[in-house]
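Enquirer: Got a file for you: coords_4.txt, compact mmCIF, C-alpha atoms and all ligand atoms.
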# COMPACT_ATOMS: atom_id res chain seq x y z
CA MET A 1224 7.62 -33.19 29.25
CA LYS A 1225 6.55 -32.01 25.81
CA ARG A 1226 7.00 -28.46 24.59
CA VAL A 1227 5.23 -26.82 21.69
CA GLY A 1228 5.43 -23.34 20.17
CA LEU A 1229 2.61 -21.39 18.59
CA LEU A 1230 2.66 -18.42 16.28
CA THR A 1231 0.12 -16.52 14.21
CA SER A 1232 1.53 -14.94 11.07
CA GLY A 1233 0.37 -12.66 8.24
CA GLY A 1234 -2.88 -10.70 8.06
CA ASP A 1235 -5.10 -11.69 10.95
CA CYS A 1236 -8.54 -13.23 10.59
CA GLN A 1237 -11.32 -14.58 12.73
CA ALA A 1238 -10.84 -17.88 14.61
CA LEU A 1239 -7.07 -17.68 15.12
CA ASN A 1240 -7.68 -17.82 18.86
CA ALA A 1241 -10.26 -20.59 18.48
CA THR A 1242 -7.71 -22.67 16.54
CA MET A 1243 -4.99 -22.23 19.16
CA ARG A 1244 -7.49 -23.11 21.86
CA GLY A 1245 -8.42 -26.28 19.95
CA ILE A 1246 -4.78 -27.33 19.61
CA VAL A 1247 -3.87 -26.67 23.23
CA LYS A 1248 -7.04 -28.17 24.73
CA ALA A 1249 -6.59 -31.37 22.75
CA LEU A 1250 -2.88 -31.56 23.58
CA SER A 1251 -3.30 -30.93 27.29
CA ASN A 1252 -6.07 -33.52 27.51
CA ASN A 1253 -3.74 -36.12 26.07
CA ILE A 1254 -0.29 -35.18 27.39
CA ASP A 1255 0.50 -35.22 31.13
CA GLU A 1256 3.23 -32.62 31.09
CA LEU A 1257 2.99 -29.93 28.47
CA GLU A 1258 4.54 -26.51 28.06
CA VAL A 1259 3.17 -24.11 25.46
CA TYR A 1260 5.19 -21.15 24.24
CA GLY A 1261 3.61 -18.36 22.24
CA PHE A 1262 5.84 -16.36 19.90
CA MET A 1263 4.67 -12.77 19.76
CA ASN A 1264 3.81 -11.04 16.48
CA GLY A 1265 4.35 -13.94 14.12
CA TYR A 1266 7.80 -14.93 12.89
CA GLN A 1267 9.15 -11.66 14.32
CA GLY A 1268 8.81 -13.12 17.81
CA MET A 1269 10.57 -16.28 16.77
CA ILE A 1270 13.37 -14.31 15.12
CA HIS A 1271 13.92 -11.97 18.06
CA GLY A 1272 13.23 -14.42 20.87
CA ASP A 1273 10.05 -12.64 21.94
CA TYR A 1274 7.92 -15.38 23.49
CA ARG A 1275 5.72 -16.15 26.48
CA LEU A 1276 5.06 -19.31 28.41
CA LEU A 1277 1.30 -19.69 28.11
CA THR A 1278 -0.99 -21.29 30.65
CA SER A 1279 -4.47 -22.74 30.37
CA LYS A 1280 -5.81 -19.36 31.50
CA ASP A 1281 -4.56 -17.82 28.24
CA PHE A 1282 -6.80 -20.15 26.29
CA SER A 1283 -9.87 -19.71 28.41
CA GLY A 1284 -12.71 -17.62 26.94
CA ILE A 1285 -11.01 -17.06 23.59
CA LEU A 1286 -13.16 -19.26 21.37
CA THR A 1287 -15.23 -16.27 20.34
CA LYS A 1288 -12.51 -13.64 20.47
CA GLY A 1289 -11.43 -12.01 17.19
CA GLY A 1290 -7.83 -11.12 16.31
CA THR A 1291 -5.01 -13.08 17.91
CA ILE A 1292 -3.83 -13.10 21.50
CA LEU A 1293 -0.26 -13.48 20.17
CA GLY A 1294 -0.31 -10.59 17.72
CA SER A 1295 0.70 -11.00 14.10
CA SER A 1296 2.95 -9.47 11.48
CA ARG A 1297 3.94 -9.98 7.90
CA THR A 1298 7.44 -11.40 7.40
CA PRO A 1299 7.72 -11.72 3.61
CA PHE A 1300 9.08 -15.06 2.46
CA LYS A 1301 11.02 -13.43 -0.38
CA THR A 1302 13.22 -11.63 2.15
CA ILE A 1303 13.43 -14.42 4.72
CA ASN A 1304 16.98 -15.30 3.70
CA ASP A 1305 18.14 -11.66 3.79
CA PRO A 1306 19.68 -10.50 7.07
CA ASP A 1307 17.50 -8.14 9.12
CA GLU A 1308 18.43 -4.48 9.80
CA ASN A 1309 20.93 -5.60 12.47
CA GLY A 1310 22.56 -8.18 10.23
CA LEU A 1311 20.79 -11.08 11.95
CA ASN A 1312 20.23 -14.23 9.89
CA LYS A 1313 16.48 -14.66 10.35
CA VAL A 1314 16.25 -18.35 9.57
CA GLU A 1315 19.16 -19.23 11.88
CA ALA A 1316 17.71 -17.06 14.63
CA MET A 1317 14.37 -18.87 14.41
CA MET A 1318 16.09 -22.23 14.55
CA GLN A 1319 18.15 -21.18 17.55
CA ASN A 1320 15.07 -20.08 19.46
CA TYR A 1321 13.32 -23.34 18.61
CA TYR A 1322 16.25 -25.33 19.97
CA LYS A 1323 16.79 -23.02 22.93
CA LEU A 1324 13.22 -23.68 24.08
CA ARG A 1325 13.72 -27.39 23.32
CA LEU A 1326 10.49 -27.40 21.34
CA ASP A 1327 9.07 -30.66 20.08
CA CYS A 1328 6.90 -28.89 17.54
CA LEU A 1329 6.02 -25.47 16.16
CA TYR A 1330 2.46 -24.68 15.10
CA VAL A 1331 2.21 -21.99 12.44
CA LEU A 1332 -1.22 -20.45 11.87
CA GLY A 1333 -0.86 -18.56 8.64
CA GLY A 1334 -1.69 -18.07 4.99
CA ASN A 1335 0.25 -18.75 1.81
CA GLY A 1336 3.36 -16.71 2.57
CA SER A 1337 3.59 -17.99 6.12
CA GLN A 1338 3.27 -21.53 4.84
CA LYS A 1339 6.33 -21.09 2.63
CA THR A 1340 8.38 -20.05 5.65
CA ALA A 1341 6.91 -22.91 7.68
CA ASN A 1342 7.94 -25.30 4.92
CA LEU A 1343 11.45 -23.85 4.86
CA LEU A 1344 11.79 -24.40 8.62
CA SER A 1345 10.47 -27.91 8.18
CA GLU A 1346 13.07 -28.58 5.47
CA LYS A 1347 15.73 -27.34 7.90
CA GLY A 1348 14.68 -30.13 10.25
CA LEU A 1349 12.22 -28.46 12.65
CA ASN A 1350 8.97 -30.22 13.47
CA VAL A 1351 6.37 -27.88 12.00
CA ILE A 1352 2.61 -28.16 11.59
CA HIS A 1353 0.72 -25.56 9.55
CA LEU A 1354 -2.91 -24.55 10.06
CA PRO A 1355 -4.48 -22.67 7.14
CA LYS A 1356 -5.89 -19.27 8.04
CA THR A 1357 -7.12 -16.55 5.74
CA ILE A 1358 -10.29 -14.76 4.75
CA ASP A 1359 -9.16 -15.25 1.13
CA ASN A 1360 -9.62 -19.07 1.15
CA ASP A 1361 -6.77 -19.32 -1.36
CA ILE A 1362 -4.67 -22.05 0.23
CA TRP A 1363 -4.20 -25.01 -2.03
CA GLY A 1364 -5.05 -28.42 -0.58
CA THR A 1365 -7.89 -27.48 1.76
CA ASP A 1366 -11.53 -26.90 0.86
CA MET A 1367 -11.80 -24.21 3.48
CA THR A 1368 -9.58 -21.94 5.52
CA PHE A 1369 -10.74 -20.58 8.85
CA GLY A 1370 -11.72 -16.93 8.71
CA PHE A 1371 -13.30 -17.27 5.29
CA TYR A 1372 -16.93 -17.78 6.30
CA SER A 1373 -16.77 -15.06 8.96
CA ALA A 1374 -15.58 -12.65 6.27
CA VAL A 1375 -18.28 -13.88 3.89
CA ASN A 1376 -20.84 -12.98 6.57
CA ILE A 1377 -19.48 -9.46 6.97
CA ALA A 1378 -19.13 -8.79 3.25
CA THR A 1379 -22.65 -10.16 2.70
CA GLU A 1380 -24.05 -7.88 5.37
CA ALA A 1381 -22.37 -4.94 3.64
CA ILE A 1382 -24.03 -5.90 0.35
CA ASP A 1383 -27.38 -6.36 2.14
CA CYS A 1384 -27.18 -2.86 3.58
CA ILE A 1385 -26.23 -1.39 0.23
CA HIS A 1386 -29.20 -3.07 -1.44
CA THR A 1387 -31.81 -1.07 0.45
CA THR A 1388 -30.17 2.28 -0.11
CA ALA A 1389 -29.35 1.48 -3.76
CA ALA A 1390 -32.99 0.58 -4.38
CA SER A 1391 -34.27 3.74 -2.65
CA HIS A 1392 -32.07 6.02 -4.73
CA ASN A 1393 -31.94 4.08 -8.00
CA ARG A 1394 -28.18 4.11 -7.91
CA VAL A 1395 -25.41 1.89 -9.09
CA PHE A 1396 -23.33 0.67 -6.18
CA ILE A 1397 -19.96 -1.02 -6.12
CA VAL A 1398 -19.01 -3.00 -3.03
CA GLU A 1399 -15.29 -3.69 -3.10
CA ILE A 1400 -14.45 -6.95 -1.40
CA MET A 1401 -11.12 -8.26 -0.14
CA GLY A 1402 -9.55 -11.49 -1.32
CA HIS A 1403 -6.12 -10.44 -2.56
CA LYS A 1404 -5.51 -12.18 -5.90
CA VAL A 1405 -8.49 -14.56 -5.77
CA GLY A 1406 -12.25 -14.19 -6.00
CA TRP A 1407 -13.64 -16.67 -3.44
CA LEU A 1408 -14.81 -14.07 -0.96
CA THR A 1409 -16.45 -11.93 -3.64
CA LEU A 1410 -18.06 -14.94 -5.26
CA TYR A 1411 -19.63 -16.25 -2.05
CA ALA A 1412 -20.61 -12.85 -0.61
CA GLY A 1413 -21.79 -11.63 -4.02
CA ILE A 1414 -24.12 -14.57 -4.44
CA ALA A 1415 -25.25 -14.58 -0.80
CA GLY A 1416 -25.96 -10.84 -1.02
CA GLY A 1417 -27.79 -11.06 -4.34
CA ALA A 1418 -25.32 -8.91 -6.29
CA ASP A 1419 -26.23 -8.33 -9.93
CA VAL A 1420 -22.65 -8.22 -11.19
CA ILE A 1421 -19.68 -10.10 -9.69
CA LEU A 1422 -16.17 -9.28 -10.84
CA ILE A 1423 -13.30 -11.49 -9.76
CA PRO A 1424 -9.61 -11.62 -10.71
CA GLU A 1425 -9.87 -15.05 -12.33
CA ILE A 1426 -12.43 -13.80 -14.88
CA PRO A 1427 -11.15 -10.57 -16.45
CA TYR A 1428 -14.11 -8.28 -17.08
CA ARG A 1429 -14.92 -6.20 -20.14
CA ILE A 1430 -16.30 -2.78 -19.40
CA ASP A 1431 -18.83 -3.01 -22.28
CA LYS A 1432 -20.23 -6.23 -20.78
CA VAL A 1433 -20.57 -4.61 -17.36
CA ILE A 1434 -22.40 -1.68 -18.95
CA GLU A 1435 -24.62 -4.12 -20.87
CA ALA A 1436 -25.60 -5.78 -17.60
CA ILE A 1437 -26.47 -2.45 -15.98
CA ASN A 1438 -28.46 -1.29 -19.01
CA LYS A 1439 -30.33 -4.56 -19.15
CA ARG A 1440 -31.49 -4.05 -15.58
CA THR A 1441 -32.51 -0.48 -16.29
CA LYS A 1442 -34.52 -1.60 -19.34
CA SER A 1443 -36.28 -4.24 -17.26
CA GLY A 1444 -37.41 -1.53 -14.85
CA LYS A 1445 -34.79 -2.05 -12.13
CA GLY A 1446 -33.31 1.33 -11.44
CA PHE A 1447 -30.43 0.10 -9.34
CA THR A 1448 -27.55 -2.32 -9.74
CA VAL A 1449 -25.25 -3.77 -7.10
CA LEU A 1450 -21.80 -4.87 -8.18
CA ALA A 1451 -19.62 -7.03 -5.93
CA VAL A 1452 -16.10 -6.31 -7.11
CA ALA A 1453 -13.03 -8.12 -5.83
CA GLU A 1454 -10.14 -5.85 -4.89
CA GLY A 1455 -8.03 -7.85 -7.35
CA ALA A 1456 -10.52 -7.74 -10.25
CA VAL A 1457 -8.86 -7.20 -13.61
CA CYS A 1458 -10.11 -5.39 -16.67
CA ALA A 1459 -9.53 -7.44 -19.84
CA ASP A 1460 -8.27 -4.30 -21.63
CA ASP A 1461 -5.42 -4.05 -19.12
CA LEU A 1462 -4.32 -7.55 -20.02
CA LYS A 1463 -3.72 -6.35 -23.59
CA LEU A 1464 -1.14 -3.85 -22.37
CA SER A 1465 2.52 -4.73 -22.37
CA LYS A 1466 4.19 -4.90 -18.96
CA LYS A 1467 5.74 -1.49 -19.62
CA GLU A 1468 2.43 0.07 -20.66
CA TYR A 1469 0.65 -1.43 -17.67
CA LYS A 1470 3.31 -0.14 -15.30
CA LYS A 1471 3.00 3.32 -16.83
CA LYS A 1472 -0.77 3.23 -16.49
CA MET A 1473 -0.58 2.19 -12.82
CA GLU A 1474 1.99 4.88 -12.05
CA SER A 1475 -0.17 7.59 -13.59
CA ASN A 1476 -3.38 6.10 -12.16
CA HIS A 1477 -4.96 8.32 -9.55
CA TYR A 1478 -7.53 5.69 -8.58
CA PRO A 1479 -7.05 4.17 -5.13
CA SER A 1480 -8.40 0.84 -6.40
CA VAL A 1481 -10.15 -0.88 -9.29
CA ALA A 1482 -13.59 0.05 -7.90
CA TYR A 1483 -12.94 3.76 -8.43
CA GLU A 1484 -11.76 3.37 -12.00
CA LEU A 1485 -14.77 1.21 -12.74
CA ALA A 1486 -17.12 3.78 -11.16
CA ASP A 1487 -15.76 6.51 -13.44
CA GLN A 1488 -16.15 4.30 -16.49
CA ILE A 1489 -19.76 3.47 -15.59
CA LEU A 1490 -20.59 7.13 -14.99
CA ALA A 1491 -19.02 8.13 -18.31
CA LYS A 1492 -20.83 5.45 -20.30
CA THR A 1493 -24.25 5.39 -18.64
CA GLY A 1494 -24.61 8.69 -16.84
CA ASN A 1495 -25.54 6.65 -13.77
CA GLU A 1496 -24.63 7.93 -10.35
CA VAL A 1497 -22.20 5.41 -8.85
CA ARG A 1498 -21.33 5.02 -5.19
CA ILE A 1499 -18.55 2.88 -3.73
CA THR A 1500 -18.48 1.05 -0.43
CA VAL A 1501 -15.31 -0.58 0.86
CA PRO A 1502 -15.89 -2.74 3.94
CA GLY A 1503 -12.09 -3.23 4.03
CA HIS A 1504 -10.61 -4.65 7.20
CA THR A 1505 -14.00 -5.02 8.88
CA GLN A 1506 -14.05 -8.25 6.87
CA ARG A 1507 -11.21 -9.58 9.02
CA GLY A 1508 -12.50 -8.27 12.31
CA GLY A 1509 -14.79 -9.24 15.13
CA ALA A 1510 -15.88 -12.60 16.44
CA PRO A 1511 -15.65 -15.73 14.29
CA CYS A 1512 -18.96 -17.05 12.96
CA PRO A 1513 -20.17 -20.41 14.35
CA TYR A 1514 -18.93 -22.31 11.28
CA ASP A 1515 -15.41 -20.93 11.74
CA ARG A 1516 -15.45 -21.72 15.46
CA ALA A 1517 -16.35 -25.31 14.66
CA LEU A 1518 -13.92 -25.59 11.71
CA SER A 1519 -10.99 -24.12 13.58
CA THR A 1520 -11.65 -26.32 16.59
CA ARG A 1521 -11.65 -29.38 14.31
CA LEU A 1522 -8.43 -28.25 12.62
CA GLY A 1523 -6.86 -27.56 16.02
CA VAL A 1524 -7.75 -31.03 17.30
CA ALA A 1525 -6.43 -32.58 14.07
CA GLY A 1526 -3.23 -30.55 14.52
CA ALA A 1527 -2.84 -31.96 18.03
CA LYS A 1528 -3.42 -35.46 16.72
CA ALA A 1529 -0.71 -35.04 14.08
CA PHE A 1530 1.70 -34.13 16.90
CA LEU A 1531 0.66 -37.14 18.98
CA ASP A 1532 1.21 -39.33 15.90
CA GLY A 1533 4.63 -37.75 15.32
CA GLU A 1534 3.70 -36.47 11.86
CA PHE A 1535 5.30 -33.16 10.94
CA GLY A 1536 5.92 -31.06 7.85
CA VAL A 1537 2.19 -31.14 7.17
CA MET A 1538 -0.68 -28.73 6.70
CA ILE A 1539 -3.94 -29.67 8.38
CA GLY A 1540 -6.78 -29.12 5.92
CA ILE A 1541 -10.38 -30.10 5.48
CA VAL A 1542 -11.46 -31.99 2.37
CA HIS A 1543 -15.01 -33.29 1.88
CA ASP A 1544 -15.71 -32.50 5.52
CA LYS A 1545 -12.83 -34.66 6.81
CA THR A 1546 -9.65 -33.27 8.31
CA VAL A 1547 -6.55 -34.26 6.35
CA ARG A 1548 -2.76 -33.95 6.61
CA LEU A 1549 -1.07 -32.74 3.49
CA PRO A 1550 2.71 -32.51 3.08
CA MET A 1551 3.48 -28.78 3.25
CA LYS A 1552 5.92 -29.05 0.39
CA GLU A 1553 3.00 -30.02 -1.87
CA SER A 1554 0.92 -26.93 -1.14
CA ALA A 1555 3.53 -24.29 -0.27
CA GLY A 1556 3.54 -21.61 -2.94
CA LYS A 1557 0.40 -22.82 -4.74
CA LEU A 1558 -2.66 -20.59 -4.89
CA LYS A 1559 -6.16 -22.05 -4.92
CA VAL A 1560 -8.02 -19.94 -7.45
CA VAL A 1561 -11.60 -19.93 -8.77
CA GLU A 1562 -11.32 -22.04 -11.91
CA LYS A 1563 -13.09 -20.79 -15.06
CA ASP A 1564 -15.43 -23.81 -15.04
CA ASN A 1565 -16.23 -23.47 -11.33
CA GLN A 1566 -19.71 -24.84 -10.70
CA PHE A 1567 -20.70 -21.95 -8.45
CA VAL A 1568 -19.81 -19.48 -11.20
CA LYS A 1569 -21.90 -21.43 -13.69
CA GLU A 1570 -24.84 -21.51 -11.28
CA ALA A 1571 -24.54 -17.77 -10.72
CA LYS A 1572 -24.59 -17.21 -14.47
CA MET A 1573 -27.76 -19.33 -14.68
CA LEU A 1574 -29.31 -16.82 -12.28
CA GLY A 1575 -28.42 -14.02 -14.66
CA ILE A 1576 -25.54 -12.67 -12.59
CA SER A 1577 -22.98 -11.09 -14.88
CA PHE A 1578 -19.25 -11.71 -14.47
CA GLY A 1579 -18.51 -9.07 -17.06
CA ASP A 1580 -17.26 -11.59 -19.60
CA GLU A 1581 -20.42 -12.70 -21.38
CA ASP A 1582 -23.27 -11.42 -23.53
CA VAL A 1583 -26.25 -10.70 -21.34
O1 LIG B 1 -4.90 -11.89 3.01
C1 LIG B 1 -5.87 -11.26 3.74
C2 LIG B 1 -6.07 -9.84 3.28
O2 LIG B 1 -7.08 -9.24 4.05
C3 LIG B 1 -6.37 -9.68 1.78
O3 LIG B 1 -7.70 -9.99 1.47
C4 LIG B 1 -5.98 -8.26 1.55
O4 LIG B 1 -5.61 -8.05 0.21
C5 LIG B 1 -4.79 -8.09 2.46
O5 LIG B 1 -4.88 -9.09 3.45
C6 LIG B 1 -4.71 -6.75 3.13
O6 LIG B 1 -3.52 -6.69 3.82
P1 LIG B 1 -3.14 -5.60 4.91
O7 LIG B 1 -3.87 -5.95 6.17
O8 LIG B 1 -1.67 -5.75 5.06
O9 LIG B 1 -3.58 -4.28 4.39
Just give me the structure of the file as structure tokens.
Expert:
Amino acid sequence: MKRVGLLTSGGDCQALNATMRGIVKALSNNIDELEVYGFMNGYQGMIHGDYRLLTSKDFSGILTKGGTILGSSRTPFKTINDPDENGLNKVEAMMQNYYKLRLDCLYVLGGNGSQKTANLLSEKGLNVIHLPKTIDNDIWGTDMTFGFYSAVNIATEAIDCIHTTAASHNRVFIVEIMGHKVGWLTLYAGIAGGADVILIPEIPYRIDKVIEAINKRTKSGKGFTVLAVAEGAVCADDLKLSKKEYKKKMESNHYPSVAYELADQILAKTGNEVRITVPGHTQRGGAPCPYDRALSTRLGVAGAKAFLDGEFGVMIGIVHDKTVRLPMKESAGKLKVVEKDNQFVKEAKMLGISFGDEDV
């Protein structure tokens, strides 16, 4: 008899269910006696002993289902060693539940933060395998995370819809795109949606350059401009502030996000009417796109294979279209960012797309 545990941790995304299905299908096809336990709501379920014995029925018909059948929660790594509100040692509690269920392996489907906790549990001696999920695509060591392309589709559709109304009204539109501290989602959706300006955290923008790009379009007879702006985009002027000054600015800032501050600046400097669209959590919702269904199934199968080979403490990634196993300790805590010399950025600039950092 082999026993494995599954948990989905952090912000949800598309294809979490498809990944679990891939793991369990591949395991049950290759192991005669298998028990699968699902911890509910991420690490919280593992801490508090909230789990369910899952059967093949649980994995039937979930390839296309968004969200996660196990539920998810954020359990910040920085507080993982602090006792919970009842004085419970969270790491010990998770280990006890692992041993109580006599698990042979724990599969963690999660992003960067969840990977750090997975790595900690692995260092404590548990057999852990991590599968990289996130719409942000910011996990170091894998070309792609599942969820990313589904979110690109949704963000692109939002930009597509904005295009027609922006053109009809000759307006400037900002579409604020998720991605946390990195710009992958904005870069891909911005290019796929034909945005005129793309602002990402890795390339701090200058407001005068953004205005230049808008004015250039106006002069060329295009009355509208669509900006794809990452939620984490940074204004270069803010980088000049000391930590104290920046903190003061943020505290007194009445803008809900960077898009709103930018909109005010554009209005003040060009007189252009600016509208903001925030697709927000729709980017994480709904059914996974076909690419994510295929990717997550591949990663799930590769995760099952790692178990069958007895290899633990690894993240299953995809590099040059091949699944790989990467020691978790190598990627835990490292962000995969859009490098300044990223080829896609250069290509976008060749098209005349402004990143707010260059003369146009
Ligand atoms: O990491 C995924 C993500 O959707 C980010 O893009 C975003 O910044 C964050 O999660 C939002 O988190 P929450 O769902 O907790 O608001």
Enquirer: Using all atoms listed in the file, pick whichever of A:Leu1329, A:Val1433, A:Ile1382, A:Ala1415 has the shortest atom-to-atom distance to Glu1399 (chain A).
Expert: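 For Glu1399 (chain A), the nearest of the candidates is A:Ile1382.
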Enquirer: When distances are computed from all atoms listed in the file, which of A:Met1318, A:Ile1352, A:Ile1423, A:Ala1453 shows the smallest separation from ligand LIG 1 (chain B)?
Expert: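 Between A:Met1318, A:Ile1352, A:Ile1423, A:Ala1453, the residue approaching ligand LIG 1 (chain B) most closely is A:Ala1453.
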Enquirer: For the interface of chain A with ligand LIG 1 (chain B) (cut-off 6 Å, counting only C-alpha atoms and all ligand atoms), please tabulate each contacting residue of chain A alongside its nearest pair of atoms and their separation in Å to one decimal, rows sorted by chain and increasing number, as a Markdown table.
Expert:
| residue | atom | partner | partner_atom | distance |
| --- | --- | --- | --- | --- |
| A:Gly1234 | CA | B:LIG1 | O7 | 5.2 |
| A:Thr1357 | CA | B:LIG1 | C1 | 5.8 |
| A:Ile1358 | CA | B:LIG1 | C1 | 5.7 |
| A:Asp1359 | CA | B:LIG1 | O3 | 5.5 |
| A:Met1401 | CA | B:LIG1 | O3 | 4.2 |
| A:Gly1402 | CA | B:LIG1 | O3 | 3.7 |
| A:His1403 | CA | B:LIG1 | O4 | 3.7 |
Enquirer: May I ask which of the residues A:Met1224, A:Val1259, A:Leu1239, A:Met1367 is the closest one to His1543 (chain A), counting all atoms listed in the file?
Expert: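 Ranked by minimum distance to His1543 (chain A), first place goes to A:Met1367.
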Enquirer: Hey, what's within 10 Å of Phe1530 (chain A) if we count only C-alpha atoms and toss same-chain stuff fewer than 2 positions away? As a count of residues only, please?
Expert: 19
Enquirer: What is the CA of Met1269 (chain A)-CA of Leu1257 (chain A) distance in Å, reported with one decimal?
Expert: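 Interatomic distance, CA of Met1269 (chain A) to CA of Leu1257 (chain A): 19.5 Å.
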Enquirer: Would you list the residues near (-27.1, -13.0, -19.7) (no more than 12 Å away, in the coordinates of the file, using only C-alpha atoms) as a list in words?
Expert: Asp1419, Val1420, Lys1432, Val1433, Glu1435, Ala1436, Ile1437, Asn1438, Lys1439, Arg1440, Lys1569, Ala1571, Lys1572, Met1573, Leu1574, Gly1575, Ile1576, Ser1577, Phe1578, Gly1579, Asp1580, Glu1581, Asp1582 and Val1583 of chain A
Enquirer: Using all atoms listed in the file, find the one residue out of A:Asp1564, A:Asp1487, A:Glu1474, A:Glu1570 that sits nearest to Tyr1411 (chain A).
Expert: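 Among A:Asp1564, A:Asp1487, A:Glu1474, A:Glu1570, it is A:Glu1570 that comes nearest to Tyr1411 (chain A).
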Enquirer: For Tyr1514 (chain A), which residue out of A:Met1263, A:Cys1458, A:Val1537, A:Ala1374 is the nearest one, using only C-alpha atoms?
Expert: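 Ranking A:Met1263, A:Cys1458, A:Val1537, A:Ala1374 by distance to Tyr1514 (chain A), first place goes to A:Ala1374.
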Enquirer: Which polymer residues have any atom within 7 Å of an atom of Gly1233 (chain A), counting only C-alpha atoms, with same-chain residues fewer than 2 positions away left out, as a ChimeraX atom specification?
Expert: /A:1235,1295-1297,1333-1334,1337
Enquirer: Write out as a ChimeraX atom specification each polymer residue whose atoms come within 12 Å of Lys1301 (chain A), counting all atoms listed in the file; drop sequence neighbours fewer than 6 positions from it.
Expert: /A:1336-1337,1339-1340,1343,1556
Enquirer: For region 1419-1437 of chain A of the block above, can you save N, CA and C atoms as an mmCIF file, in the first residue's frame?
Expert:
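As written to disk, out-v4.cif reads:
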data_model
loop_
_atom_site.group_PDB
_atom_site.id
_atom_site.type_symbol
_atom_site.label_atom_id
_atom_site.label_comp_id
_atom_site.auth_asym_id
_atom_site.auth_seq_id
_atom_site.Cartn_x
_atom_site.Cartn_y
_atom_site.Cartn_z
ATOM 1 N N ASP A 1419 -0.552 49.514 -26.824
ATOM 2 C CA ASP A 1419 0.400 50.497 -27.360
ATOM 3 C C ASP A 1419 1.511 50.795 -26.362
ATOM 4 N N VAL A 1420 1.183 50.677 -25.096
ATOM 5 C CA VAL A 1420 2.158 50.923 -24.025
ATOM 6 C C VAL A 1420 2.063 49.744 -23.058
ATOM 7 N N ILE A 1421 3.206 49.217 -22.639
ATOM 8 C CA ILE A 1421 3.229 48.109 -21.677
ATOM 9 C C ILE A 1421 4.139 48.526 -20.523
ATOM 10 N N LEU A 1422 3.590 48.552 -19.332
ATOM 11 C CA LEU A 1422 4.412 48.946 -18.176
ATOM 12 C C LEU A 1422 4.516 47.777 -17.211
ATOM 13 N N ILE A 1423 5.751 47.387 -16.932
ATOM 14 C CA ILE A 1423 5.974 46.227 -16.054
ATOM 15 C C ILE A 1423 6.951 46.595 -14.921
ATOM 16 N N PRO A 1424 6.883 45.875 -13.813
ATOM 17 C CA PRO A 1424 7.718 46.251 -12.661
ATOM 18 C C PRO A 1424 9.218 46.238 -12.961
ATOM 19 N N GLU A 1425 9.637 45.343 -13.830
ATOM 20 C CA GLU A 1425 11.081 45.199 -14.083
ATOM 21 C C GLU A 1425 11.661 46.372 -14.865
ATOM 22 N N ILE A 1426 10.785 47.136 -15.540
ATOM 23 C CA ILE A 1426 11.255 48.296 -16.318
ATOM 24 C C ILE A 1426 10.538 49.533 -15.767
ATOM 25 N N PRO A 1427 11.144 50.214 -14.794
ATOM 26 C CA PRO A 1427 10.470 51.387 -14.221
ATOM 27 C C PRO A 1427 10.153 52.399 -15.327
ATOM 28 N N TYR A 1428 8.925 52.934 -15.293
ATOM 29 C CA TYR A 1428 8.529 53.844 -16.373
ATOM 30 C C TYR A 1428 8.732 55.293 -15.955
ATOM 31 N N ARG A 1429 8.918 56.136 -16.980
ATOM 32 C CA ARG A 1429 8.967 57.584 -16.732
ATOM 33 C C ARG A 1429 7.696 58.174 -17.289
ATOM 34 N N ILE A 1430 7.061 59.009 -16.510
ATOM 35 C CA ILE A 1430 5.762 59.531 -16.933
ATOM 36 C C ILE A 1430 5.900 60.338 -18.231
ATOM 37 N N ASP A 1431 7.027 61.092 -18.370
ATOM 38 C CA ASP A 1431 7.177 61.887 -19.612
ATOM 39 C C ASP A 1431 7.268 60.982 -20.843
ATOM 40 N N LYS A 1432 7.852 59.791 -20.674
ATOM 41 C CA LYS A 1432 7.968 58.868 -21.821
ATOM 42 C C LYS A 1432 6.606 58.267 -22.171
ATOM 43 N N VAL A 1433 5.803 58.023 -21.156
ATOM 44 C CA VAL A 1433 4.453 57.498 -21.396
ATOM 45 C C VAL A 1433 3.632 58.548 -22.149
ATOM 46 N N ILE A 1434 3.764 59.796 -21.696
ATOM 47 C CA ILE A 1434 3.030 60.902 -22.347
ATOM 48 C C ILE A 1434 3.498 61.049 -23.797
ATOM 49 N N GLU A 1435 4.822 60.951 -23.989
ATOM 50 C CA GLU A 1435 5.392 61.033 -25.346
ATOM 51 C C GLU A 1435 4.746 59.996 -26.261
ATOM 52 N N ALA A 1436 4.604 58.783 -25.739
ATOM 53 C CA ALA A 1436 4.036 57.692 -26.549
ATOM 54 C C ALA A 1436 2.582 57.988 -26.917
ATOM 55 N N ILE A 1437 1.840 58.541 -25.962
ATOM 56 C CA ILE A 1437 0.424 58.865 -26.229
ATOM 57 C C ILE A 1437 0.345 59.999 -27.263
#
